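*Asks:* Just dropping this structure here.
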Amino acid sequence: MRNSGSTDDSATTKSHIGIFDRFQLYSQAALYIGITSGVALGLYLMFRRYQTSADIPESAVKAHKKIRGFVIDVADGDTLRVYHTPLIKWFDPMPEKKRGFSKYTIQVRLSAVDAPEVSHFGKPAQPL
């Protein structure tokens, strides 16, 4: 009878070990998935290009984050259009000026700059 009792104890011990091994396997898999997802999200955020000013997250504005890019067009002395280029996108070709420019550039208006206005809708331009 003692032999049958010890066999049950070893079976119970083996089943506990199996549960522990599965728990360890699942926790390792969850850790790897979490790390991979975090790295992928970080890379996405680092290399994401903002099409317009509406695409810039509010947290970046509040934190005064820098936005790098190329000035594509200067409308007035105080208004310009910027083509946002994140780190890896610096090697992409520059867009050529064409209709619908506002769909993929960020309009920047400089405040506290006294610049003359160009002619608009039949009004003459302001002199320097």
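Numbering starts fresh at 1 for the residues of each chain in the structure tokens, the chains themselves are lettered A, B, ... in the order given, and ligands are numbered from 1 as they appear.
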Name the residues in contact with segment 44-59 of chain A at a cut-off of 12 Å, using only C-alpha atoms, excluding same-chain residues fewer than 4 positions from it; report them as a PyMOL selection string.
*Replies:* chain A and resi 37-40+63-69+81-90+92+101-109
*Asks:* Could you write out the selected residues, including C-alpha atoms, as a short mmCIF file (atom, residue, chain, number, x, y, z; two decimals), in the first residue's frame?
*Replies:*
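File produced: again09.cif:
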```
data_model
loop_
_atom_site.label_atom_id
_atom_site.label_comp_id
_atom_site.auth_asym_id
_atom_site.auth_seq_id
_atom_site.Cartn_x
_atom_site.Cartn_y
_atom_site.Cartn_z
CA SER A 37 5.44 45.70 -28.70
CA GLY A 38 7.09 48.48 -26.70
CA VAL A 39 10.07 48.65 -29.04
CA ALA A 40 7.81 48.63 -32.10
CA ALA A 63 6.19 69.39 -23.81
CA HIS A 64 7.59 71.86 -26.42
CA LYS A 65 9.02 69.01 -28.51
CA LYS A 66 11.05 69.98 -31.55
CA ILE A 67 9.72 69.19 -34.98
CA ARG A 68 12.32 68.91 -37.70
CA GLY A 69 11.57 69.54 -41.33
CA ARG A 81 4.82 75.68 -44.74
CA VAL A 82 7.04 72.98 -43.27
CA TYR A 83 7.43 69.42 -44.56
CA HIS A 84 8.02 67.33 -41.41
CA THR A 85 10.94 64.90 -41.71
CA PRO A 86 11.52 62.56 -38.77
CA LEU A 87 14.92 60.92 -38.31
CA ILE A 88 14.97 58.34 -41.08
CA LYS A 89 12.84 60.32 -43.54
CA TRP A 90 15.60 62.89 -44.17
CA ASP A 92 13.23 60.92 -48.85
CA PHE A 101 -0.05 71.48 -50.63
CA SER A 102 -1.86 71.91 -47.32
CA LYS A 103 -2.69 68.20 -47.16
CA TYR A 104 0.87 67.12 -46.36
CA THR A 105 2.62 70.16 -44.87
CA ILE A 106 2.38 71.95 -41.54
CA GLN A 107 1.47 75.63 -41.61
CA VAL A 108 3.54 77.68 -39.18
CA ARG A 109 2.56 81.24 -38.32
#
```
*Asks:* Between atom CA of Ala115 of chain A and atom CA of Asp76 of chain A, measure the distance and give it in Å to one decimal.
*Replies:* 7.4 Å
*Asks:* When you draw a straight line from atom CA of Gly42 of chain A to atom CA of Ser27 of chain A, how long is it in Å?
*Replies:* 22.3 Å
*Asks:* For atom CA of Ser111 of chain A and atom CA of Gly77 of chain A, quote the distance in Å rounded to one decimal.
*Replies:* 10.9 Å
*Asks:* As a count of residues only, please: every residue in segment 20-111 of chain A that DSSP puts in helix (DSSP H, G or I).
*Replies:* 44
